[in-house]
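S.K.: Just one file: coords-v2.cif, with mmCIF, C-alpha atoms.
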data_my_file
#
loop_
_atom_site.label_atom_id
_atom_site.label_comp_id
_atom_site.auth_asym_id
_atom_site.auth_seq_id
_atom_site.Cartn_x
_atom_site.Cartn_y
_atom_site.Cartn_z
CA MET A 3 181.22 -19.61 104.93
CA LEU A 4 178.70 -17.36 103.21
CA GLN A 5 181.29 -16.78 100.50
CA SER A 6 180.74 -20.32 99.21
CA TYR A 7 177.22 -19.26 98.22
CA LEU A 8 178.54 -16.53 95.94
CA PRO A 9 178.36 -18.57 92.69
CA ILE A 10 174.58 -18.62 93.13
CA LEU A 11 174.66 -14.92 92.26
CA VAL A 12 176.73 -15.65 89.15
CA PHE A 13 174.34 -18.36 88.01
CA ALA A 14 171.31 -16.20 88.87
CA THR A 15 172.71 -13.32 86.81
CA LEU A 16 173.36 -15.63 83.86
CA GLY A 17 169.91 -17.16 84.26
CA ILE A 18 168.19 -13.78 84.33
CA LEU A 19 170.21 -12.64 81.29
CA VAL A 20 169.40 -15.73 79.23
CA GLY A 21 165.79 -15.93 80.41
CA GLY A 22 165.27 -12.24 79.84
CA ALA A 23 166.82 -12.40 76.39
CA PHE A 24 164.62 -15.33 75.39
CA VAL A 25 161.51 -13.57 76.64
CA LEU A 26 162.26 -10.20 75.06
CA LEU A 27 164.19 -10.92 71.84
CA ASN A 28 161.11 -11.85 69.81
CA GLY A 29 159.58 -8.47 70.53
CA ILE A 30 162.67 -6.78 69.07
CA ILE A 31 163.48 -9.04 66.13
CA GLY A 32 160.14 -10.52 65.15
CA PRO A 33 157.49 -8.79 63.00
CA ARG A 34 154.42 -7.11 64.51
CA LYS A 35 151.23 -7.72 62.56
CA PRO A 36 148.53 -8.38 65.14
CA ASN A 37 144.97 -9.13 64.12
CA LYS A 38 141.79 -10.23 65.85
CA VAL A 39 142.11 -13.96 65.21
CA LYS A 40 145.71 -14.20 66.34
CA ILE A 41 144.99 -13.00 69.86
CA GLU A 42 142.09 -15.35 70.47
CA PRO A 43 142.83 -18.19 72.89
CA TYR A 44 143.46 -21.47 71.11
CA GLU A 45 140.42 -23.59 70.47
CA CYS A 46 140.06 -26.68 68.38
CA GLY A 47 137.45 -25.93 65.75
CA LEU A 48 134.75 -24.57 68.09
CA PRO A 49 133.94 -20.92 68.68
CA SER A 50 136.23 -19.77 71.45
CA GLN A 51 134.47 -19.48 74.81
CA VAL A 52 137.18 -19.02 77.37
CA GLN A 53 136.93 -16.88 80.48
CA ARG A 54 139.63 -15.74 82.80
CA THR A 55 138.34 -17.81 85.68
CA PHE A 56 138.50 -21.56 85.58
CA ARG A 57 137.15 -24.39 87.67
CA PHE A 58 139.22 -27.45 88.29
CA GLY A 59 138.75 -30.85 89.89
CA VAL A 60 138.87 -31.05 93.67
CA SER A 61 141.29 -33.98 93.30
CA PHE A 62 144.08 -31.50 92.59
CA TYR A 63 143.36 -29.79 95.90
CA MET A 64 143.50 -33.15 97.73
CA LEU A 65 146.85 -33.85 96.10
CA ALA A 66 148.25 -30.53 97.23
CA MET A 67 147.24 -31.28 100.82
CA LEU A 68 148.79 -34.75 100.70
CA PHE A 69 151.94 -33.30 99.17
CA ILE A 70 152.40 -30.94 102.10
CA LEU A 71 152.06 -33.83 104.55
CA PHE A 72 154.58 -36.08 102.85
CA ASP A 73 157.01 -33.40 101.79
CA ILE A 74 157.28 -32.37 105.43
CA GLU A 75 158.06 -36.01 106.16
CA VAL A 76 160.98 -35.82 103.74
CA VAL A 77 162.18 -32.50 105.13
CA PHE A 78 162.11 -33.85 108.68
CA LEU A 79 163.92 -37.03 107.68
CA TYR A 80 166.85 -35.24 106.03
CA PRO A 81 168.56 -33.89 109.20
CA VAL A 82 168.19 -37.29 110.87
CA GLY A 83 169.39 -39.05 107.74
CA VAL A 84 172.66 -37.13 107.81
CA LEU A 85 173.31 -38.22 111.40
CA VAL A 86 172.16 -41.81 111.28
CA SER A 87 175.36 -43.51 110.11
CA ALA A 88 177.69 -41.48 112.33
CA ALA A 89 175.52 -41.87 115.43
CA GLY A 90 174.76 -45.57 114.93
CA SER A 91 172.36 -45.56 117.85
CA ILE A 92 169.37 -47.88 118.12
CA PHE A 93 167.41 -45.08 119.84
CA LEU A 94 167.67 -42.88 116.74
CA LEU A 95 166.64 -45.80 114.55
CA VAL A 96 163.57 -46.52 116.66
CA GLU A 97 162.62 -42.86 116.48
CA ILE A 98 162.86 -42.89 112.68
CA ILE A 99 160.79 -46.08 112.49
CA ILE A 100 158.05 -44.66 114.74
CA PHE A 101 157.94 -41.44 112.68
CA VAL A 102 157.74 -43.26 109.34
CA VAL A 103 155.19 -45.80 110.59
CA LEU A 104 152.93 -42.97 111.75
CA LEU A 105 153.11 -41.36 108.32
CA MET A 106 152.51 -44.64 106.56
CA THR A 107 149.43 -45.10 108.73
CA ALA A 108 148.27 -41.75 107.39
CA LEU A 109 148.96 -42.94 103.83
CA VAL A 110 147.01 -46.16 104.39
CA PHE A 111 144.15 -44.11 105.85
CA VAL A 112 143.86 -41.72 102.89
CA TRP A 113 144.34 -44.63 100.53
CA ALA A 114 141.45 -46.55 102.15
CA ARG A 115 139.26 -43.42 102.03
CA GLY A 116 139.87 -43.29 98.28
CA ALA A 117 141.76 -39.99 98.19
CA LEU A 118 144.44 -41.53 95.98
CA ASP A 119 142.00 -42.81 93.36
CA TRP A 120 141.90 -40.49 90.41
CA LYS A 121 138.33 -39.68 89.43
CA MET B 27 183.74 -33.08 108.21
CA LEU B 28 180.85 -34.90 109.85
CA LEU B 29 178.15 -32.64 108.47
CA GLY B 30 179.89 -32.07 105.17
CA GLU B 31 181.19 -28.66 106.12
CA VAL B 32 183.28 -27.32 103.29
CA ASP B 33 186.47 -25.68 104.48
CA PHE B 34 187.80 -25.12 101.00
CA VAL B 35 187.35 -21.44 100.26
CA GLU B 36 188.88 -19.85 97.23
CA SER B 37 189.08 -16.40 95.77
CA THR B 38 186.02 -14.73 94.30
CA GLY B 39 187.54 -14.46 90.84
CA VAL B 40 188.18 -18.19 90.56
CA MET B 41 184.60 -18.93 91.62
CA VAL B 42 183.17 -16.61 89.00
CA VAL B 43 185.40 -18.04 86.26
CA LYS B 44 184.47 -21.62 87.18
CA SER B 45 180.76 -20.80 87.22
CA VAL B 46 180.92 -19.13 83.83
CA LEU B 47 182.94 -22.07 82.44
CA ILE B 48 180.33 -24.58 83.57
CA PHE B 49 177.56 -22.43 82.17
CA ILE B 50 179.27 -22.11 78.77
CA GLY B 51 180.11 -25.82 78.68
CA VAL B 52 176.54 -26.85 79.37
CA PHE B 53 175.16 -24.36 76.88
CA LEU B 54 177.43 -25.86 74.23
CA ILE B 55 176.16 -29.35 75.04
CA VAL B 56 172.43 -28.66 75.33
CA PRO B 57 171.76 -27.50 71.72
CA VAL B 58 173.67 -30.55 70.49
CA LEU B 59 171.37 -32.69 72.65
CA THR B 60 168.29 -31.41 70.82
CA VAL B 61 169.61 -32.55 67.45
CA VAL B 62 171.04 -35.79 68.89
CA GLU B 63 167.64 -36.62 70.33
CA ARG B 64 165.89 -36.02 67.01
CA LYS B 65 168.50 -38.04 65.14
CA LEU B 66 168.23 -40.91 67.61
CA ILE B 67 164.41 -40.90 67.63
CA GLY B 68 164.61 -40.95 63.84
CA ARG B 69 166.91 -43.95 63.88
CA PHE B 70 164.72 -45.73 66.42
CA GLN B 71 161.81 -45.27 64.03
CA ALA B 72 163.80 -46.37 60.96
CA ARG B 73 164.05 -42.91 59.37
CA TYR B 74 166.87 -40.39 59.02
CA GLY B 75 165.87 -37.55 61.31
CA PRO B 76 167.13 -34.03 60.49
CA ASN B 77 169.82 -34.22 57.80
CA ARG B 78 169.41 -31.07 55.68
CA VAL B 79 171.10 -28.26 57.64
CA GLY B 80 174.86 -28.72 57.68
CA PRO B 81 176.64 -32.08 57.38
CA GLY B 82 174.31 -34.74 58.76
CA GLY B 83 171.98 -32.11 60.19
CA VAL B 84 174.35 -30.92 62.92
CA MET B 85 173.52 -27.25 62.34
CA GLN B 86 169.81 -27.89 62.99
CA PRO B 87 169.78 -26.19 66.45
CA LEU B 88 171.07 -22.94 64.91
CA ALA B 89 168.40 -23.09 62.24
CA ASP B 90 165.76 -23.73 64.91
CA VAL B 91 166.87 -20.81 67.05
CA GLY B 92 166.99 -18.58 63.99
CA LYS B 93 163.47 -19.54 63.04
CA LEU B 94 162.10 -19.17 66.58
CA LEU B 95 163.72 -15.74 66.93
CA GLY B 96 162.09 -14.56 63.71
CA LYS B 97 158.59 -15.32 64.95
CA GLN B 98 156.06 -12.67 65.80
CA VAL B 99 155.42 -12.15 69.50
CA PHE B 100 151.78 -11.96 70.53
CA ARG B 101 149.70 -12.92 73.51
CA PRO B 102 146.10 -14.03 73.81
CA GLU B 103 143.62 -11.33 74.77
CA ASN B 104 142.78 -13.09 78.05
CA ALA B 105 146.39 -13.38 79.13
CA ILE B 106 147.80 -11.50 82.11
CA ALA B 107 150.61 -9.72 80.31
CA PHE B 108 153.39 -9.58 82.90
CA LEU B 109 152.97 -13.10 84.26
CA TYR B 110 152.56 -14.52 80.76
CA ALA B 111 155.86 -12.94 79.72
CA ILE B 112 157.84 -13.78 82.85
CA ALA B 113 156.88 -17.48 83.10
CA PRO B 114 159.32 -18.89 80.46
CA GLY B 115 162.12 -16.84 82.01
CA LEU B 116 161.44 -18.37 85.44
CA VAL B 117 161.68 -21.89 84.04
CA ILE B 118 165.03 -21.11 82.41
CA LEU B 119 166.29 -19.43 85.59
CA SER B 120 165.45 -22.53 87.61
CA GLY B 121 167.30 -24.78 85.17
CA ILE B 122 170.43 -22.64 85.22
CA LEU B 123 170.43 -22.25 89.01
CA THR B 124 170.25 -26.00 89.61
CA LEU B 125 173.19 -26.41 87.24
CA ALA B 126 175.41 -24.83 89.90
CA ILE B 127 175.19 -27.84 92.19
CA ILE B 128 176.56 -30.57 89.89
CA PRO B 129 180.22 -31.28 90.73
CA PHE B 130 182.30 -31.86 87.60
CA GLY B 131 185.65 -32.34 89.27
CA ASN B 132 187.55 -33.03 92.44
CA VAL B 133 189.09 -30.48 94.78
CA GLU B 134 192.19 -32.51 95.71
CA ASP B 135 193.53 -33.55 92.34
CA GLY B 136 191.72 -31.14 90.01
CA VAL B 137 190.57 -27.56 90.14
CA GLY B 138 187.32 -28.47 91.84
CA LEU B 139 185.12 -27.72 88.86
CA TYR B 140 181.70 -27.06 90.38
CA GLY B 141 179.49 -24.04 90.82
CA ILE B 142 178.88 -24.30 94.53
CA ASP B 143 179.58 -26.96 97.11
CA VAL B 144 177.60 -26.12 100.21
CA SER B 145 176.73 -28.21 103.23
CA ILE B 146 173.04 -28.20 102.21
CA GLY B 147 173.73 -29.46 98.64
CA VAL B 148 170.71 -31.70 98.15
CA LEU B 149 168.27 -29.20 99.63
CA TYR B 150 169.62 -26.55 97.26
CA PHE B 151 168.76 -28.85 94.35
CA PHE B 152 165.22 -29.40 95.63
CA ALA B 153 164.67 -25.73 96.37
CA PHE B 154 165.66 -24.48 92.95
CA SER B 155 164.27 -27.33 90.87
CA SER B 156 160.87 -26.73 92.48
CA PHE B 157 161.23 -23.15 91.30
CA ALA B 158 160.41 -24.31 87.75
CA PHE B 159 157.01 -25.30 89.07
CA TYR B 160 156.07 -21.60 89.45
CA GLY B 161 157.02 -21.04 85.83
CA LEU B 162 154.81 -23.86 84.57
CA LEU B 163 151.86 -22.93 86.77
CA LEU B 164 152.08 -19.23 85.90
CA ALA B 165 152.46 -20.03 82.21
CA GLY B 166 149.31 -22.13 82.20
CA TRP B 167 147.28 -19.86 84.42
CA ALA B 168 148.27 -16.52 82.90
CA SER B 169 147.70 -17.69 79.32
CA GLY B 170 143.94 -17.54 79.77
CA SER B 171 143.25 -20.64 77.71
CA LYS B 172 141.60 -23.79 78.98
CA TYR B 173 144.16 -26.13 77.44
CA SER B 174 147.00 -24.21 79.06
CA PHE B 175 145.18 -24.21 82.37
CA LEU B 176 144.46 -27.93 82.35
CA GLY B 177 148.02 -28.65 81.28
CA ALA B 178 149.39 -26.51 84.09
CA MET B 179 147.20 -28.20 86.71
CA ARG B 180 148.33 -31.58 85.46
CA SER B 181 152.00 -30.57 85.48
CA ALA B 182 151.67 -29.22 88.99
CA ALA B 183 149.97 -32.36 90.30
CA GLN B 184 152.52 -34.56 88.55
CA LEU B 185 155.54 -32.61 89.81
CA ILE B 186 154.44 -32.58 93.43
CA SER B 187 153.42 -36.25 93.35
CA TYR B 188 156.86 -37.39 92.28
CA GLU B 189 158.86 -34.86 94.23
CA VAL B 190 158.25 -36.79 97.47
CA SER B 191 159.54 -40.09 96.05
CA MET B 192 162.52 -38.26 94.58
CA GLY B 193 163.42 -36.81 97.96
CA LEU B 194 163.11 -40.17 99.67
CA ALA B 195 165.19 -41.90 96.97
CA LEU B 196 168.09 -39.49 97.59
CA LEU B 197 167.66 -39.82 101.36
CA GLY B 198 168.97 -43.41 101.20
CA VAL B 199 172.25 -42.16 99.73
CA VAL B 200 172.42 -39.30 102.24
CA MET B 201 172.10 -41.82 105.07
CA MET B 202 174.94 -43.94 103.70
CA ALA B 203 177.23 -41.00 102.99
CA GLY B 204 176.29 -39.08 106.14
CA SER B 205 176.45 -35.78 104.32
CA LEU B 206 174.36 -33.48 102.14
CA SER B 207 177.34 -31.96 100.34
CA MET B 208 177.68 -33.17 96.77
CA THR B 209 181.47 -33.56 96.79
CA SER B 210 181.41 -35.49 100.07
CA ILE B 211 178.81 -37.83 98.60
CA VAL B 212 180.99 -38.49 95.54
CA GLU B 213 184.07 -39.03 97.73
CA ALA B 214 182.12 -41.51 99.87
CA GLN B 215 181.71 -43.67 96.76
CA GLY B 216 185.43 -44.44 96.52
CA SER B 217 185.01 -48.14 97.31
CA ILE B 218 181.66 -48.82 95.66
CA TRP B 219 179.23 -46.73 93.62
CA TYR B 220 175.92 -46.24 95.41
CA VAL B 221 174.03 -47.61 92.43
CA VAL B 222 174.85 -51.11 93.78
CA PRO B 223 173.70 -50.85 97.43
CA GLN B 224 171.00 -48.29 96.57
CA PHE B 225 169.69 -49.87 93.39
CA VAL B 226 166.05 -49.42 94.39
CA GLY B 227 166.76 -45.79 95.21
CA PHE B 228 168.40 -45.34 91.80
CA LEU B 229 165.37 -46.78 89.99
CA ILE B 230 162.96 -44.63 92.01
CA PHE B 231 165.08 -41.54 91.36
CA MET B 232 165.23 -42.16 87.61
CA ILE B 233 161.48 -42.82 87.31
CA SER B 234 160.72 -39.70 89.35
CA GLY B 235 163.24 -37.89 87.16
CA PHE B 236 161.24 -38.81 84.06
CA ALA B 237 158.12 -37.44 85.74
CA GLU B 238 159.81 -34.28 87.03
CA THR B 239 161.21 -33.37 83.62
CA ASN B 240 157.87 -34.10 81.91
CA ARG B 241 159.56 -36.59 79.64
CA SER B 242 157.87 -39.45 77.90
CA PRO B 243 156.33 -41.80 79.13
CA PHE B 244 155.21 -39.21 81.69
CA ASP B 245 154.73 -36.29 79.29
CA LEU B 246 151.11 -35.96 80.35
CA PRO B 247 151.22 -32.14 80.68
CA GLU B 248 151.82 -31.89 76.95
CA ALA B 249 149.81 -34.92 75.87
CA ASP B 250 149.17 -33.64 72.35
CA ALA B 251 146.16 -35.84 71.76
CA GLU B 252 144.15 -34.37 74.65
CA LEU B 253 145.72 -31.07 75.64
CA VAL B 254 147.29 -29.67 72.43
CA GLN B 255 150.60 -28.59 74.06
CA GLY B 256 149.59 -28.30 77.70
CA PHE B 257 150.81 -25.18 79.47
CA GLN B 258 152.81 -24.13 76.38
CA THR B 259 149.77 -23.96 74.09
CA GLU B 260 149.63 -20.17 73.82
CA TYR B 261 153.36 -19.61 73.54
CA GLY B 262 155.29 -19.02 70.35
CA GLY B 263 158.72 -18.01 69.19
CA MET B 264 161.59 -18.02 71.62
CA ARG B 265 159.25 -18.09 74.63
CA PHE B 266 158.13 -21.50 73.45
CA GLY B 267 161.79 -22.30 72.84
CA SER B 268 162.50 -21.41 76.49
CA PHE B 269 160.32 -24.27 77.70
CA LEU B 270 162.07 -26.60 75.29
CA LEU B 271 165.51 -25.47 76.41
CA ALA B 272 164.45 -25.74 80.06
CA GLU B 273 163.32 -29.32 79.48
CA TYR B 274 166.78 -30.26 78.17
CA LEU B 275 168.47 -28.33 80.97
CA GLU B 276 166.37 -30.16 83.56
CA MET B 277 167.17 -33.48 81.90
CA PHE B 278 170.86 -32.59 82.11
CA VAL B 279 170.57 -31.59 85.77
CA VAL B 280 168.57 -34.67 86.80
CA SER B 281 171.12 -36.88 85.05
CA GLY B 282 173.88 -34.91 86.75
CA ILE B 283 172.33 -35.48 90.17
CA ALA B 284 171.88 -39.18 89.42
CA VAL B 285 175.54 -39.39 88.37
CA THR B 286 176.65 -37.60 91.53
CA PHE B 287 174.52 -39.68 93.89
CA PHE B 288 174.58 -43.12 92.34
CA LEU B 289 177.19 -43.40 89.60
CA GLY B 290 180.28 -42.16 91.40
CA GLY B 291 180.43 -38.63 89.97
CA TRP B 292 183.92 -37.93 88.64
CA MET B 293 185.28 -41.37 89.60
CA GLY B 294 186.83 -43.16 86.68
CA PRO B 295 190.17 -44.42 85.42
CA GLY B 296 192.72 -42.03 83.99
CA PRO B 297 194.50 -38.85 85.12
CA PRO B 298 192.67 -36.21 87.21
CA TRP B 299 192.09 -33.87 84.29
CA LEU B 300 189.77 -36.53 82.83
CA ASP B 301 187.35 -36.06 85.76
CA PRO B 302 184.98 -33.57 84.06
CA VAL B 303 185.03 -35.74 80.95
CA TRP B 304 183.89 -38.73 83.01
CA VAL B 305 181.04 -36.73 84.52
CA VAL B 306 179.88 -35.54 81.12
CA VAL B 307 180.17 -39.04 79.62
CA LYS B 308 178.07 -40.50 82.44
CA ILE B 309 175.50 -37.70 82.13
CA LEU B 310 175.25 -38.22 78.37
CA SER B 311 174.74 -41.97 78.81
CA LEU B 312 171.86 -41.28 81.21
CA ILE B 313 170.40 -38.78 78.73
CA PHE B 314 170.62 -41.51 76.09
CA VAL B 315 168.47 -43.63 78.43
CA PHE B 316 165.96 -40.77 78.57
CA ILE B 317 165.80 -40.71 74.75
CA TRP B 318 165.72 -44.49 74.49
CA VAL B 319 162.77 -44.72 76.88
CA ARG B 320 160.96 -42.00 74.92
CA ALA B 321 161.32 -44.02 71.75
CA THR B 322 160.24 -47.25 73.43
CA LEU B 323 157.37 -46.70 75.85
CA PRO B 324 153.88 -45.35 75.12
CA ARG B 325 152.48 -42.53 77.24
CA VAL B 326 150.73 -43.68 80.41
CA ARG B 327 147.18 -42.64 81.33
CA TYR B 328 146.80 -39.90 83.92
CA ASP B 329 145.22 -42.10 86.60
CA GLN B 330 147.97 -44.67 86.03
CA LEU B 331 150.57 -41.94 86.51
CA MET B 332 148.99 -40.82 89.77
CA SER B 333 148.53 -44.29 91.22
CA LEU B 334 152.10 -45.20 90.25
CA GLY B 335 153.36 -42.14 92.08
CA TRP B 336 151.34 -42.46 95.26
CA LYS B 337 150.63 -46.18 95.58
CA VAL B 338 153.87 -47.71 94.31
CA MET B 339 156.72 -45.22 94.35
CA LEU B 340 155.96 -43.56 97.69
CA PRO B 341 155.62 -46.78 99.78
CA LEU B 342 158.60 -48.31 97.97
CA ALA B 343 160.76 -45.24 98.57
CA THR B 344 159.75 -45.13 102.23
CA LEU B 345 160.57 -48.82 102.62
CA ASN B 346 163.94 -48.20 100.96
CA VAL B 347 164.68 -45.43 103.47
CA LEU B 348 163.68 -47.62 106.42
CA VAL B 349 165.78 -50.56 105.26
CA THR B 350 168.75 -48.28 104.61
CA ALA B 351 168.40 -46.71 108.07
CA ILE B 352 168.36 -50.14 109.72
CA LEU B 353 171.30 -51.44 107.70
CA VAL B 354 173.36 -48.29 108.25
CA THR B 355 172.77 -48.44 112.00
CA VAL B 356 173.32 -52.16 112.45
CA LEU B 357 176.31 -52.68 110.15
#
Turn this file's structure into structure tokens for me.

M.R.:
Amino acid sequence: MLQSYLPILVFATLGILVGGAFVLLNGIIGPRKPNKVKIEPYECGLPSQVQRTFRFGVSFYMLAMLFILFDIEVVFLYPVGVLVSAAGSIFLLVEIIIFVVLLMTALVFVWARGALDWK
Amino acid sequence: MLLGEVDFVESTGVMVVKSVLIFIGVFLIVPVLTVVERKLIGRFQARYGPNRVGPGGVMQPLADVGKLLGKQVFRPENAIAFLYAIAPGLVILSGILTLAIIPFGNVEDGVGLYGIDVSIGVLYFFAFSSFAFYGLLLAGWASGSKYSFLGAMRSAAQLISYEVSMGLALLGVVMMAGSLSMTSIVEAQGSIWYVVPQFVGFLIFMISGFAETNRSPFDLPEADAELVQGFQTEYGGMRFGSFLLAEYLEMFVVSGIAVTFFLGGWMGPGPPWLDPVWVVVKILSLIFVFIWVRATLPRVRYDQLMSLGWKVMLPLATLNVLVTAILVTVL
């Protein structure tokens, strides 16, 4: 069965070849005339004041946490989803409903606490 | 066949040849897409679009690649050299790897023109399409510029917000087909294409697809008016071209997945050898929709994008899954 995964290697090789070529070709073909202004980070008219460390809004962090919660929901639902039509059992259905209702309760909770409002 | 186990195993040589064929085919189509998009956008806006290079501008992609290759390579002084260089390659790699999963033809009456057909099909797509996310994030972070960084954070937030709805939209189809394997899902659509019973799922998938590929109206990461070019700001030459190529590749793959899951894959009238043609025709029509929407809708605001993703798409997709589960069990 593992043999059916072999084409991944073919595609990965092609991907690395193409990606590598695109990344490296400019260095071979293109000219090299560096100067001070060229290597400054882009800035729109102002003197450039960019550091290596950045701060970013805590909303992004909230989103990442929520993503983990709901992506796990999706991952857990997939194995059940494959079985649901073949099994056709009410028990399985009730289980799915309980699981999804619990997660939707979580969504309503974070929604009411304002975590989904973009500030 | 309950779990979509694939018992069709062929020789290594045939697999390699098929994979390379698909790769070459797609890489012949994608450059044409770039010029077709510019022509179409031009026509939508009552102008000609590119028409100088070659007859009607068809050689434009070659001219673009030539120009991009001739550019000087440089990186900003704040950039982290290795990560800055590797990021565009990662995005391309992700695009090409996801290409493997689209089935272009049937096993029974054709050669079975697909890269891989494994029992985890859908999960393979999610695993490797999320791989592009590392490319975007690294590109923005390693560039050492605030516009890149903000663009990367936005892309990341946007991608993960819509990934959940995308997964749930496909789950409805998986429940109906009872399999994760792409070919089994297409074969399950013999009587009726899933776009009819799963219309809500199709809409959710397409809208999430627009967000996942960073296409207008969800092209917030590269909102030129606020963020210059988002995570690509500091890139030039072919590295910049990589992001562009990856965007078209992703558009092709998302359309391919939509065709496989909702539009009956290779199903269509005519002899079996027409199967790949049908797939490509369906994919191209969906890509036309992508271009059409880009020419029609204005860009949404970032808070609108986020509330659409979390407050509309996610509950709707969950409801769709629940209703599908009930219907599949009861009927």

S.K.: Please report as a VMD selection string which residues of chain A come no farther than 7 Å from chain B, using all atoms listed in the file.

M.R.: chain A and resid 6 to 7 9 to 10 12 to 14 17 to 18 21 to 22 24 to 25 27 to 29 31 to 34 41 to 44 52 54 62 65 69 72 to 73 76 80 83 to 88 90 to 91 95 99 118 120

S.K.: Here is a test: counting only C-alpha atoms, which residue of B:Trp292, B:Trp304, B:Phe314, B:Trp299 is nearest to B:Gln215?

M.R.: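 For B:Gln215, the nearest of the given residues is B:Trp292.
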
S.K.: List the neighbours of stretch 277-284 of chain B out to 10 Å using only C-alpha atoms; skip same-chain residues closer than 3 positions along the sequence, and give me the result as a PyMOL selection string.

M.R.: chain B and resi 52+55-56+59+121-130+148+151+155+196+208+221+228+231-232+234-236+238-241+271-274+287-291+305-306+308-313+315-316

S.K.: Quote the spacing between atom CA of B:Glu276 and atom CA of B:Ile218 in Å to one decimal place.

M.R.: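 The value is 27.0 Å.
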
S.K.: Can you work out the spacing between atom CA of B:Pro302 and atom CA of B:Gly131 in Å, to one decimal?

M.R.: 5.4 Å

S.K.: Let me have the centre and edge lengths of the axis-aligned box enclosing all listed atoms of stretch 7-12 of chain A with 4 Å padding on every side, in Å to one decimal, as AutoDock Vina command-line options.

M.R.:
--center_x 176.6 --center_y -17.1 --center_z 93.7 --size_x 12.0 --size_y 12.3 --size_z 17.1

S.K.: What gap, in Å, lies between atom CA of B:Arg320 and atom CA of B:Met339?

M.R.: 20.1 Å
